[in-house]
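Reviewing the structure listed below.
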Amino acid sequence: MTLLVKICGLTRPSDVEAAIAAGADCLGFVLAPESPRCVSLAQLRALTAAVPPGIRRIGVVVNADRDLLAAAVEAGGLDAVQFHGDETAEALRAFTATTAWQAVALRTPADVDAAAGSPAAMIVADAAAPGRRGGTGTLCDWGLAEALARRRAVVLAGGLRPENVADAIAAVRPHGVDVSSGIESSPGCKDPTRLRDFIAIARAAAAAAGTASDSASRGSIDP
């Protein structure tokens with residue numbers, strides 16, 4: 001099993017193409033109106049139309065209603081929905097349209113315990129930024145993320161960029177990494193050089209840290 005690399009907050013066809021060419025495993029599309037990276041359903045359909053099989057299309061939502069969830073899954077052919085709001089365990093279990101991921105802000109060991117018991121197929125360990133959800137550039141607490149990664153499969157997010165992703169992988173040994181603002185020239189506009197550098201550095205760091213074999217020993221999954 002290799003490290004999953006997710007490029008999130010994609011808004012432009014050229015950035016989707018660059019992410020695919022650079023070897024991204026997952027592409028994230030934000031459907032939360034409060035985000036500067038939000039795309040419409042029509043944009044989602046256009047952006048995902050040329051994504052080849054094997055690369056996962058992930059919709060990112062914040063407290064979305066059922067109608068939006070259904071429409072997004074249909075429009076984007078989504079392989080998973082990443083819930084970034086206040087969704088309960090019951091709501092995650094009830095969501096059956098596609099695979100459920102859950103983003104969790106890690107503040108305390110209690111957050112680690114709660115995330116470890118989540119019914120979501122994958123946990124995205126994110127930073128705790130008051131009043132903001134994702135794409136903030138704020139670092140996740142790597143100590144808490146590492147504790148969670150010892151218990152279940154985790155995609156590490158929160159403030160990652162080419163300059164620190166190797167250290168993050170060495171510290172946390174996650175199942176995957178998720179980047180958005182750390183490779184941008186402006187919100188929603190990816191810098192192609194930083195995008196390529198991020199993926200290359202992450203792959204090399206994962207190989208050096210033995211992330212793949214370590215994740216397998218923890219019983220990680222392939223959602």
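The way I read the labels, and the way they are meant: chains A, B, ... in the order of the structure tokens, residue 1 as the first residue of every chain, and ligand 1 as the first ligand shown, with later ones counted on from there.
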Next item on the list: Just list the residues in stretch 51-207 of chain A DSSP gives helix (DSSP H, G or I) on the backbone, as an MDAnalysis selection string.
Entry: chainID A and resid 66:76 89:94 109:116 142:149 165:172 181:183 192:207
Note to self: Need to verify the contact set: A:Pro192, 10 Å, only C-alpha atoms, exclusion of same-chain residues closer than 4 positions in sequence. Can you return it as number ranges by chain?
What the structure shows: A: 14-15, 17-19, 22, 183-185, 196-198
Could you pull out all residues of chain A with a DSSP call of strand (DSSP E) and give them as a PDB file with N, CA and C atoms, in the first residue's frame?
```pdb
ATOM      1  N   LEU A   4      -1.501   7.763   0.213  1.00  0.00           N
ATOM      2  CA  LEU A   4      -2.497   8.496  -0.563  1.00  0.00           C
ATOM      3  C   LEU A   4      -2.152   9.980  -0.552  1.00  0.00           C
ATOM      4  N   VAL A   5      -2.203  10.607  -1.703  1.00  0.00           N
ATOM      5  CA  VAL A   5      -2.005  12.054  -1.790  1.00  0.00           C
ATOM      6  C   VAL A   5      -3.275  12.677  -2.349  1.00  0.00           C
ATOM      7  N   LYS A   6      -3.865  13.582  -1.576  1.00  0.00           N
ATOM      8  CA  LYS A   6      -5.099  14.262  -1.979  1.00  0.00           C
ATOM      9  C   LYS A   6      -4.809  15.737  -2.222  1.00  0.00           C
ATOM     10  N   ILE A   7      -5.172  16.208  -3.396  1.00  0.00           N
ATOM     11  CA  ILE A   7      -5.082  17.625  -3.733  1.00  0.00           C
ATOM     12  C   ILE A   7      -6.488  18.185  -3.621  1.00  0.00           C
ATOM     13  N   CYS A  26      -6.162  11.334  -5.078  1.00  0.00           N
ATOM     14  CA  CYS A  26      -7.500  11.837  -4.778  1.00  0.00           C
ATOM     15  C   CYS A  26      -7.568  13.315  -5.125  1.00  0.00           C
ATOM     16  N   LEU A  27      -8.696  13.729  -5.683  1.00  0.00           N
ATOM     17  CA  LEU A  27      -8.934  15.125  -6.020  1.00  0.00           C
ATOM     18  C   LEU A  27     -10.127  15.613  -5.218  1.00  0.00           C
ATOM     19  N   GLY A  28      -9.956  16.738  -4.510  1.00  0.00           N
ATOM     20  CA  GLY A  28     -11.013  17.253  -3.651  1.00  0.00           C
ATOM     21  C   GLY A  28     -11.672  18.489  -4.228  1.00  0.00           C
ATOM     22  N   PHE A  29     -13.013  18.502  -4.171  1.00  0.00           N
ATOM     23  CA  PHE A  29     -13.805  19.606  -4.704  1.00  0.00           C
ATOM     24  C   PHE A  29     -14.733  20.108  -3.605  1.00  0.00           C
ATOM     25  N   VAL A  30     -14.603  21.381  -3.265  1.00  0.00           N
ATOM     26  CA  VAL A  30     -15.331  21.948  -2.133  1.00  0.00           C
ATOM     27  C   VAL A  30     -16.703  22.427  -2.581  1.00  0.00           C
ATOM     28  N   ARG A  56      -9.553   9.081  -7.257  1.00  0.00           N
ATOM     29  CA  ARG A  56     -10.795   9.273  -6.512  1.00  0.00           C
ATOM     30  C   ARG A  56     -11.239  10.735  -6.517  1.00  0.00           C
ATOM     31  N   ARG A  57     -12.511  10.924  -6.721  1.00  0.00           N
ATOM     32  CA  ARG A  57     -13.134  12.245  -6.715  1.00  0.00           C
ATOM     33  C   ARG A  57     -13.860  12.412  -5.380  1.00  0.00           C
ATOM     34  N   ILE A  58     -13.407  13.381  -4.607  1.00  0.00           N
ATOM     35  CA  ILE A  58     -13.912  13.572  -3.251  1.00  0.00           C
ATOM     36  C   ILE A  58     -14.643  14.909  -3.167  1.00  0.00           C
ATOM     37  N   GLY A  59     -15.902  14.880  -2.777  1.00  0.00           N
ATOM     38  CA  GLY A  59     -16.645  16.104  -2.524  1.00  0.00           C
ATOM     39  C   GLY A  59     -16.503  16.503  -1.066  1.00  0.00           C
ATOM     40  N   VAL A  60     -16.255  17.772  -0.810  1.00  0.00           N
ATOM     41  CA  VAL A  60     -16.070  18.270   0.552  1.00  0.00           C
ATOM     42  C   VAL A  60     -17.249  19.165   0.910  1.00  0.00           C
ATOM     43  N   VAL A  61     -17.959  18.819   1.982  1.00  0.00           N
ATOM     44  CA  VAL A  61     -19.174  19.544   2.352  1.00  0.00           C
ATOM     45  C   VAL A  61     -19.125  19.947   3.820  1.00  0.00           C
ATOM     46  N   ALA A  80     -16.258   9.504  -2.871  1.00  0.00           N
ATOM     47  CA  ALA A  80     -16.435   9.706  -1.434  1.00  0.00           C
ATOM     48  C   ALA A  80     -16.900  11.129  -1.193  1.00  0.00           C
ATOM     49  N   VAL A  81     -17.556  11.318  -0.056  1.00  0.00           N
ATOM     50  CA  VAL A  81     -17.895  12.653   0.428  1.00  0.00           C
ATOM     51  C   VAL A  81     -17.170  12.855   1.751  1.00  0.00           C
ATOM     52  N   GLN A  82     -16.447  13.961   1.846  1.00  0.00           N
ATOM     53  CA  GLN A  82     -15.729  14.310   3.073  1.00  0.00           C
ATOM     54  C   GLN A  82     -16.587  15.293   3.862  1.00  0.00           C
ATOM     55  N   PHE A  83     -17.069  14.838   4.994  1.00  0.00           N
ATOM     56  CA  PHE A  83     -17.938  15.661   5.837  1.00  0.00           C
ATOM     57  C   PHE A  83     -17.069  16.516   6.751  1.00  0.00           C
ATOM     58  N   THR A  99     -18.963   6.474  -0.321  1.00  0.00           N
ATOM     59  CA  THR A  99     -18.145   6.339   0.885  1.00  0.00           C
ATOM     60  C   THR A  99     -18.108   7.644   1.676  1.00  0.00           C
ATOM     61  N   ALA A 100     -18.153   7.539   2.989  1.00  0.00           N
ATOM     62  CA  ALA A 100     -18.091   8.718   3.861  1.00  0.00           C
ATOM     63  C   ALA A 100     -16.707   8.858   4.473  1.00  0.00           C
ATOM     64  N   TRP A 101     -16.118  10.036   4.313  1.00  0.00           N
ATOM     65  CA  TRP A 101     -14.925  10.439   5.046  1.00  0.00           C
ATOM     66  C   TRP A 101     -15.357  11.495   6.064  1.00  0.00           C
ATOM     67  N   GLN A 102     -14.615  11.639   7.131  1.00  0.00           N
ATOM     68  CA  GLN A 102     -14.933  12.665   8.119  1.00  0.00           C
ATOM     69  C   GLN A 102     -13.680  13.452   8.473  1.00  0.00           C
ATOM     70  N   ALA A 103     -13.770  14.778   8.370  1.00  0.00           N
ATOM     71  CA  ALA A 103     -12.691  15.656   8.819  1.00  0.00           C
ATOM     72  C   ALA A 103     -12.907  15.978  10.289  1.00  0.00           C
ATOM     73  N   VAL A 104     -11.845  15.862  11.072  1.00  0.00           N
ATOM     74  CA  VAL A 104     -11.924  16.078  12.513  1.00  0.00           C
ATOM     75  C   VAL A 104     -10.828  17.050  12.930  1.00  0.00           C
ATOM     76  N   ALA A 105     -11.211  18.115  13.620  1.00  0.00           N
ATOM     77  CA  ALA A 105     -10.240  19.051  14.185  1.00  0.00           C
ATOM     78  C   ALA A 105      -9.716  18.470  15.495  1.00  0.00           C
ATOM     79  N   MET A 122     -12.805   6.860   6.422  1.00  0.00           N
ATOM     80  CA  MET A 122     -11.505   7.507   6.549  1.00  0.00           C
ATOM     81  C   MET A 122     -11.660   8.764   7.393  1.00  0.00           C
ATOM     82  N   ILE A 123     -10.661   9.017   8.241  1.00  0.00           N
ATOM     83  CA  ILE A 123     -10.612  10.245   9.020  1.00  0.00           C
ATOM     84  C   ILE A 123      -9.571  11.171   8.411  1.00  0.00           C
ATOM     85  N   VAL A 124      -9.951  12.430   8.217  1.00  0.00           N
ATOM     86  CA  VAL A 124      -9.015  13.468   7.807  1.00  0.00           C
ATOM     87  C   VAL A 124      -8.693  14.284   9.055  1.00  0.00           C
ATOM     88  N   ALA A 125      -7.463  14.176   9.529  1.00  0.00           N
ATOM     89  CA  ALA A 125      -7.041  14.888  10.732  1.00  0.00           C
ATOM     90  C   ALA A 125      -6.651  16.303  10.349  1.00  0.00           C
ATOM     91  N   ASP A 126      -7.411  17.275  10.855  1.00  0.00           N
ATOM     92  CA  ASP A 126      -7.229  18.660  10.438  1.00  0.00           C
ATOM     93  C   ASP A 126      -6.890  19.537  11.633  1.00  0.00           C
ATOM     94  N   VAL A 154      -5.578   7.344   8.763  1.00  0.00           N
ATOM     95  CA  VAL A 154      -5.736   8.792   8.861  1.00  0.00           C
ATOM     96  C   VAL A 154      -5.104   9.454   7.643  1.00  0.00           C
ATOM     97  N   VAL A 155      -5.820  10.409   7.072  1.00  0.00           N
ATOM     98  CA  VAL A 155      -5.241  11.320   6.093  1.00  0.00           C
ATOM     99  C   VAL A 155      -4.909  12.608   6.838  1.00  0.00           C
ATOM    100  N   LEU A 156      -3.652  13.011   6.814  1.00  0.00           N
ATOM    101  CA  LEU A 156      -3.223  14.201   7.539  1.00  0.00           C
ATOM    102  C   LEU A 156      -3.416  15.442   6.686  1.00  0.00           C
ATOM    103  N   GLY A 176      -2.366   8.904   4.484  1.00  0.00           N
ATOM    104  CA  GLY A 176      -2.336   9.826   3.362  1.00  0.00           C
ATOM    105  C   GLY A 176      -2.105  11.246   3.826  1.00  0.00           C
ATOM    106  N   VAL A 177      -1.899  12.143   2.860  1.00  0.00           N
ATOM    107  CA  VAL A 177      -1.754  13.571   3.145  1.00  0.00           C
ATOM    108  C   VAL A 177      -2.682  14.350   2.228  1.00  0.00           C
ATOM    109  N   ASP A 178      -3.116  15.508   2.715  1.00  0.00           N
ATOM    110  CA  ASP A 178      -4.129  16.327   2.043  1.00  0.00           C
ATOM    111  C   ASP A 178      -3.635  17.768   2.035  1.00  0.00           C
ATOM    112  N   VAL A 179      -3.540  18.369   0.858  1.00  0.00           N
ATOM    113  CA  VAL A 179      -3.042  19.742   0.755  1.00  0.00           C
ATOM    114  C   VAL A 179      -3.999  20.589  -0.059  1.00  0.00           C
ATOM    115  N   GLU A 184      -0.887  26.876  -3.215  1.00  0.00           N
ATOM    116  CA  GLU A 184      -1.644  27.860  -3.995  1.00  0.00           C
ATOM    117  C   GLU A 184      -0.888  29.171  -4.185  1.00  0.00           C
ATOM    118  N   SER A 185      -1.185  29.826  -5.302  1.00  0.00           N
ATOM    119  CA  SER A 185      -0.744  31.200  -5.525  1.00  0.00           C
ATOM    120  C   SER A 185      -1.791  32.183  -5.024  1.00  0.00           C
ATOM    121  N   SER A 186      -3.041  31.745  -4.990  1.00  0.00           N
ATOM    122  CA  SER A 186      -4.165  32.478  -4.401  1.00  0.00           C
ATOM    123  C   SER A 186      -5.259  31.445  -4.149  1.00  0.00           C
ATOM    124  N   CYS A 189      -6.397  28.651  -6.659  1.00  0.00           N
ATOM    125  CA  CYS A 189      -5.488  28.623  -7.811  1.00  0.00           C
ATOM    126  C   CYS A 189      -4.188  27.927  -7.416  1.00  0.00           C
ATOM    127  N   LYS A 190      -3.993  26.712  -7.889  1.00  0.00           N
ATOM    128  CA  LYS A 190      -2.815  25.941  -7.529  1.00  0.00           C
ATOM    129  C   LYS A 190      -1.602  26.385  -8.340  1.00  0.00           C
TER     130      LYS A 190
END
```
Checklist line | stretch 113-119 of chain A surroundings by only C-alpha atoms, 8 Å radius, close-in-sequence under 4 positions cut, as a list in words | finding: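 Listing them by chain and then by number gives Ala89, Leu92, Arg93, Val104, Pro109, Ile123, Leu148, Arg151 and Arg152 of chain A.
In this comparison, which uses only C-alpha atoms, the residue of A:Arg173, A:Thr108, A:Gly77, A:Gly159 approaching A:Cys140 most closely is A:Gly159.
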Checklist line | Among the residues A:Gly9, A:Ile201, A:Arg150, A:His175, the one that comes closest to A:Glu163 [using only C-alpha atoms] | finding: A:Ile201
Note to self: Give me, as JSON, numbers by chain, all polymer residues having an atom no more than 8 Å from A:Ile169, counting only C-alpha atoms and skipping those fewer than 4 positions away in the same chain.
What the structure shows: {"A": [165, 173, 174, 202, 205, 206, 209, 211]}
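Put simply, atom CA of A:Ala170 is 20.6 Å away from atom CA of A:Gly23.
Interatomic distance, atom CA of A:Ala120 to atom CA of A:Ala149: 14.4 Å.
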Margin query: Residues near A:Ala49, anyone? I mean within 10 Å using only C-alpha atoms, not counting same-chain ones fewer than 4 positions away, as JSON, numbers by chain.
Written below: {"A": [13, 43, 44, 45, 75, 76, 77]}
